[in-house]
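For reference, the structure discussed in these notes is given below.
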Amino acid sequence: MLCTIVSKEYLSEGIEKVGIPLIFILILNWNGWHDTVECLESVQRLSYPNYRIVVIDNGSTDGSVERIKAWAAGELPVESKFFTYDPSTKPVRWIEYDRATAEAGGLPELEAEIEALPPHSRIAFIQTGANLGYAGGNNVGIRYALARGANYVWLLNNDTVVDKNALTEMVRLAESDEKIGMVGSKILRYDSSEVILDVGGWLKVSYHIVHKFPGYNEIDRGQWDKVFQPDYLNGASLLVSTLAIRDIGLLDEEYFLYWEETDCCYRARRNGKGL
């Protein structure tokens, strides 16, 4: 698992009160409910005020949906070394869609049931009905978010635990320049959270694709707590504007698993939608 955070460099002013962008947080699950509920528990602690949680289940066979619903009902406490379980944030109200209904934007009557609830107290479940891979599963969630008027989608791996300020800082950076189409975050190892796993990377495309991973396996001393422009960002934590998605298209489902975010970042840079 991973622990996702961002630089604390931009924590001073706070997001403006007017016109706060709507973020759809897309968490893809496939036979991984134990990781997913820990991720969800951390997402509930986000400081950002305007988000929707969407859990997309990719045809799990381990009872994941039932387990995640049990967590939402307050019947499945979460143990984590990163936080103490808070039963006061339960129950979490959920609505549920199949793939076709979600991709069409859901149902107004179901959306109305949860619309007035705080962001941390509601979830939309989408059951795709099959293992569509990382790209295919997330694309179902992206289509739902686009139809629901999202300004950004945050692709977030289910095996992550997020810092409470992560989304606030990512949105702040994304909103600072209209040319920014994607924002990533510093990713630390789950088992050794003082060690960097990923901060984005450099990419050389010729007859072969060559990756370079700056910061990988370094002890985190704040040396990557800065804004910089890599060639690609890690899809474990990737904030993408819906304007960029409409311009460059969805994730390429031919990849199924791995390389999707690399391809997406490459297309964004080619189309002038910078990272």
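Ligands are numbered from 1 in the order shown, chains are lettered A, B, ... in the order of the structure tokens, and residues start at 1 in each chain.
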
| task | Assign secondary structure with DSSP using the backbone only, and return the residues of range 68-238 of chain A in strand (DSSP E) as a PyMOL selection string. | result | chain A and resi 93-98+122-127+152-157+160-162+182-184+186-189+196-198+202-205+209-212+237-238

Take the residues that were just selected and, keeping N, CA and C atoms, output them as a compact mmCIF listing (two decimals), in the first residue's frame.
```txt
# COMPACT_ATOMS: atom_id res chain seq x y z
N ARG A 93 -24.07 7.42 4.06
CA ARG A 93 -25.19 7.07 3.18
C ARG A 93 -24.66 6.75 1.78
N TRP A 94 -25.18 5.70 1.17
CA TRP A 94 -24.73 5.35 -0.17
C TRP A 94 -25.89 5.20 -1.14
N ILE A 95 -25.58 5.45 -2.40
CA ILE A 95 -26.47 5.10 -3.50
C ILE A 95 -25.69 4.18 -4.42
N GLU A 96 -26.39 3.45 -5.27
CA GLU A 96 -25.72 2.40 -6.04
C GLU A 96 -26.23 2.35 -7.47
N TYR A 97 -25.28 2.17 -8.40
CA TYR A 97 -25.63 2.11 -9.82
C TYR A 97 -24.94 0.95 -10.51
N ASP A 98 -25.56 0.49 -11.58
CA ASP A 98 -24.84 -0.39 -12.49
C ASP A 98 -24.07 0.48 -13.48
N ARG A 122 -21.35 10.60 2.34
CA ARG A 122 -22.09 10.02 1.21
C ARG A 122 -21.12 9.36 0.22
N ILE A 123 -21.59 8.30 -0.38
CA ILE A 123 -20.80 7.57 -1.37
C ILE A 123 -21.72 7.11 -2.49
N ALA A 124 -21.21 7.17 -3.71
CA ALA A 124 -21.87 6.53 -4.84
C ALA A 124 -21.10 5.26 -5.17
N PHE A 125 -21.78 4.12 -5.15
CA PHE A 125 -21.19 2.85 -5.57
C PHE A 125 -21.54 2.60 -7.03
N ILE A 126 -20.56 2.18 -7.77
CA ILE A 126 -20.80 1.77 -9.15
C ILE A 126 -20.28 0.34 -9.30
N GLN A 127 -21.13 -0.57 -9.75
CA GLN A 127 -20.70 -1.93 -10.03
C GLN A 127 -20.60 -2.10 -11.54
N TYR A 152 -13.12 18.46 -11.59
CA TYR A 152 -11.92 17.62 -11.61
C TYR A 152 -12.32 16.22 -11.17
N VAL A 153 -11.54 15.24 -11.61
CA VAL A 153 -11.60 13.90 -11.01
C VAL A 153 -10.24 13.62 -10.38
N TRP A 154 -10.30 12.99 -9.22
CA TRP A 154 -9.07 12.56 -8.54
C TRP A 154 -9.02 11.05 -8.62
N LEU A 155 -8.16 10.53 -9.49
CA LEU A 155 -7.95 9.09 -9.58
C LEU A 155 -7.07 8.70 -8.39
N LEU A 156 -7.61 7.88 -7.50
CA LEU A 156 -6.93 7.55 -6.26
C LEU A 156 -6.94 6.04 -6.06
N ASN A 157 -5.75 5.44 -6.02
CA ASN A 157 -5.68 4.01 -5.78
C ASN A 157 -6.29 3.65 -4.44
N THR A 160 -4.15 3.42 -0.89
CA THR A 160 -3.51 4.64 -0.42
C THR A 160 -4.17 5.14 0.85
N VAL A 161 -3.41 5.89 1.61
CA VAL A 161 -3.92 6.65 2.75
C VAL A 161 -3.50 8.09 2.51
N VAL A 162 -4.46 9.01 2.58
CA VAL A 162 -4.17 10.38 2.15
C VAL A 162 -4.02 11.33 3.34
N MET A 182 -3.30 18.58 -15.17
CA MET A 182 -3.12 17.46 -14.25
C MET A 182 -2.18 17.85 -13.12
N VAL A 183 -2.46 17.32 -11.94
CA VAL A 183 -1.61 17.54 -10.78
C VAL A 183 -1.44 16.21 -10.07
N GLY A 184 -0.19 15.91 -9.68
CA GLY A 184 0.07 14.71 -8.89
C GLY A 184 0.54 15.09 -7.50
N LYS A 186 3.25 13.87 -3.99
CA LYS A 186 4.34 13.04 -3.49
C LYS A 186 3.74 11.78 -2.87
N ILE A 187 4.32 10.63 -3.19
CA ILE A 187 3.81 9.36 -2.70
C ILE A 187 4.90 8.69 -1.87
N LEU A 188 4.56 8.35 -0.65
CA LEU A 188 5.48 7.69 0.26
C LEU A 188 5.12 6.23 0.43
N ARG A 189 6.09 5.44 0.81
CA ARG A 189 5.83 4.02 1.04
C ARG A 189 4.94 3.83 2.26
N ILE A 196 10.42 7.91 0.13
CA ILE A 196 9.68 8.33 -1.06
C ILE A 196 9.53 7.17 -2.04
N LEU A 197 8.33 7.01 -2.55
CA LEU A 197 8.07 6.03 -3.60
C LEU A 197 8.00 6.68 -4.97
N ASP A 198 7.36 7.86 -5.05
CA ASP A 198 7.16 8.47 -6.36
C ASP A 198 6.86 9.96 -6.23
N TRP A 202 10.61 11.32 -15.37
CA TRP A 202 11.02 11.75 -16.70
C TRP A 202 10.79 10.59 -17.67
N LEU A 203 10.51 10.93 -18.89
CA LEU A 203 10.11 9.93 -19.86
C LEU A 203 10.79 10.21 -21.19
N LYS A 204 11.42 9.19 -21.75
CA LYS A 204 12.01 9.29 -23.08
C LYS A 204 11.34 8.27 -23.97
N VAL A 205 10.74 8.74 -25.05
CA VAL A 205 10.02 7.85 -25.97
C VAL A 205 10.76 7.80 -27.30
N ILE A 209 10.41 2.87 -24.39
CA ILE A 209 10.01 3.86 -23.40
C ILE A 209 10.92 3.71 -22.20
N VAL A 210 11.59 4.77 -21.84
CA VAL A 210 12.53 4.75 -20.73
C VAL A 210 12.03 5.69 -19.63
N HIS A 211 11.84 5.15 -18.42
CA HIS A 211 11.42 5.95 -17.29
C HIS A 211 12.61 6.27 -16.40
N LYS A 212 12.61 7.46 -15.82
CA LYS A 212 13.54 7.81 -14.76
C LYS A 212 12.71 8.29 -13.57
N SER A 237 -2.33 8.65 -7.60
CA SER A 237 -2.91 9.89 -7.08
C SER A 237 -2.78 10.94 -8.18
N LEU A 238 -3.83 11.08 -8.95
CA LEU A 238 -3.77 11.93 -10.15
C LEU A 238 -5.04 12.77 -10.24
```

Sorted by chain and rising residue number, list the residues of range 68-148 of chain A at most 9 Å from range 35-48 of chain A (counting only C-alpha atoms), each with its closest atom pair and distance in Å to one decimal, as CSV.
```
residue,atom,partner,partner_atom,distance
A:Ile68,CA,A:Val37,CA,6.2
A:Trp71,CA,A:Val37,CA,6.8
A:Ala72,CA,A:Val37,CA,8.7
A:Leu76,CA,A:Val37,CA,8.8
A:Pro77,CA,A:Val37,CA,9.0
A:Val78,CA,A:Glu38,CA,6.1
A:Glu79,CA,A:Glu38,CA,7.5
A:Ser80,CA,A:Glu38,CA,7.0
A:Phe82,CA,A:Ser42,CA,8.6
A:Phe83,CA,A:Ser42,CA,7.8
A:Tyr85,CA,A:Glu41,CA,7.7
A:Asp86,CA,A:Glu41,CA,8.5
A:Thr89,CA,A:Gln44,CA,7.8
A:Pro119,CA,A:Gln44,CA,7.9
A:His120,CA,A:Gln44,CA,4.8
A:Ser121,CA,A:Gln44,CA,7.8
```

Mind dumping the selected residues with C-alpha atoms as an mmCIF file, in the first residue's frame?
```
data_model
loop_
_atom_site.group_PDB
_atom_site.id
_atom_site.type_symbol
_atom_site.label_atom_id
_atom_site.label_comp_id
_atom_site.auth_asym_id
_atom_site.auth_seq_id
_atom_site.Cartn_x
_atom_site.Cartn_y
_atom_site.Cartn_z
ATOM 1 C CA ILE A 68 -17.480 -1.662 2.160
ATOM 2 C CA TRP A 71 -17.871 -0.046 6.889
ATOM 3 C CA ALA A 72 -20.226 2.702 5.712
ATOM 4 C CA LEU A 76 -16.608 -2.564 10.288
ATOM 5 C CA PRO A 77 -14.062 -0.515 12.259
ATOM 6 C CA VAL A 78 -10.784 0.231 10.471
ATOM 7 C CA GLU A 79 -7.392 -0.312 12.016
ATOM 8 C CA SER A 80 -4.599 1.880 10.677
ATOM 9 C CA PHE A 82 -1.946 6.451 10.325
ATOM 10 C CA PHE A 83 -5.093 7.386 12.229
ATOM 11 C CA TYR A 85 -10.887 5.033 13.788
ATOM 12 C CA ASP A 86 -13.662 7.585 14.321
ATOM 13 C CA THR A 89 -18.323 9.775 11.024
ATOM 14 C CA PRO A 119 -19.086 15.214 1.495
ATOM 15 C CA HIS A 120 -17.660 12.685 3.961
ATOM 16 C CA SER A 121 -21.109 11.237 4.680
#
```

| task | Name the residues of range 54-161 of chain A that fall into alpha helix (DSSP H) according to DSSP on the backbone, using the chain letters and numbers of this document, as an MDAnalysis selection string. | result | chainID A and resid 64:72 99:103 108:114 133:147

Print the selection's residues with C-alpha atoms to a file, as a PDB file, in the first residue's frame.
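Wrote result_32.pdb, looks like this:
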```pdb
ATOM      1  CA  SER A  64     -15.981  -6.392  -1.330  1.00  0.00           C
ATOM      2  CA  VAL A  65     -19.183  -4.423  -1.874  1.00  0.00           C
ATOM      3  CA  GLU A  66     -20.842  -5.949   1.185  1.00  0.00           C
ATOM      4  CA  ARG A  67     -17.753  -5.269   3.314  1.00  0.00           C
ATOM      5  CA  ILE A  68     -17.480  -1.662   2.160  1.00  0.00           C
ATOM      6  CA  LYS A  69     -21.165  -1.147   2.888  1.00  0.00           C
ATOM      7  CA  ALA A  70     -20.623  -2.619   6.347  1.00  0.00           C
ATOM      8  CA  TRP A  71     -17.871  -0.046   6.889  1.00  0.00           C
ATOM      9  CA  ALA A  72     -20.226   2.702   5.712  1.00  0.00           C
ATOM     10  CA  ARG A  99     -22.401   0.618 -15.202  1.00  0.00           C
ATOM     11  CA  ALA A 100     -24.918   1.846 -17.782  1.00  0.00           C
ATOM     12  CA  THR A 101     -26.880   3.964 -15.306  1.00  0.00           C
ATOM     13  CA  ALA A 102     -23.711   5.498 -13.870  1.00  0.00           C
ATOM     14  CA  GLU A 103     -22.287   6.373 -17.270  1.00  0.00           C
ATOM     15  CA  PRO A 108     -31.947  12.268 -10.171  1.00  0.00           C
ATOM     16  CA  GLU A 109     -34.087  10.763  -7.429  1.00  0.00           C
ATOM     17  CA  LEU A 110     -31.140   8.860  -5.931  1.00  0.00           C
ATOM     18  CA  GLU A 111     -28.787  11.809  -6.240  1.00  0.00           C
ATOM     19  CA  ALA A 112     -31.338  13.971  -4.431  1.00  0.00           C
ATOM     20  CA  GLU A 113     -31.282  11.573  -1.458  1.00  0.00           C
ATOM     21  CA  ILE A 114     -27.641  12.358  -0.678  1.00  0.00           C
ATOM     22  CA  GLY A 133      -8.882  -3.112 -15.603  1.00  0.00           C
ATOM     23  CA  TYR A 134      -7.574   0.161 -14.214  1.00  0.00           C
ATOM     24  CA  ALA A 135      -8.412   2.151 -17.347  1.00  0.00           C
ATOM     25  CA  GLY A 136     -11.811   0.632 -18.028  1.00  0.00           C
ATOM     26  CA  GLY A 137     -13.013   0.804 -14.442  1.00  0.00           C
ATOM     27  CA  ASN A 138     -11.881   4.376 -13.934  1.00  0.00           C
ATOM     28  CA  ASN A 139     -13.403   5.402 -17.254  1.00  0.00           C
ATOM     29  CA  VAL A 140     -16.814   4.322 -15.953  1.00  0.00           C
ATOM     30  CA  GLY A 141     -16.298   6.637 -12.991  1.00  0.00           C
ATOM     31  CA  ILE A 142     -15.011   9.438 -15.193  1.00  0.00           C
ATOM     32  CA  ARG A 143     -18.099   9.287 -17.419  1.00  0.00           C
ATOM     33  CA  TYR A 144     -20.287   9.464 -14.306  1.00  0.00           C
ATOM     34  CA  ALA A 145     -18.314  12.454 -13.003  1.00  0.00           C
ATOM     35  CA  LEU A 146     -18.509  14.265 -16.330  1.00  0.00           C
ATOM     36  CA  ALA A 147     -22.265  13.761 -16.455  1.00  0.00           C
TER      37      ALA A 147
END
```

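Pairwise distance (CA of Pro21 in chain A, CA of Pro87 in chain A) equals 28.5 Å.
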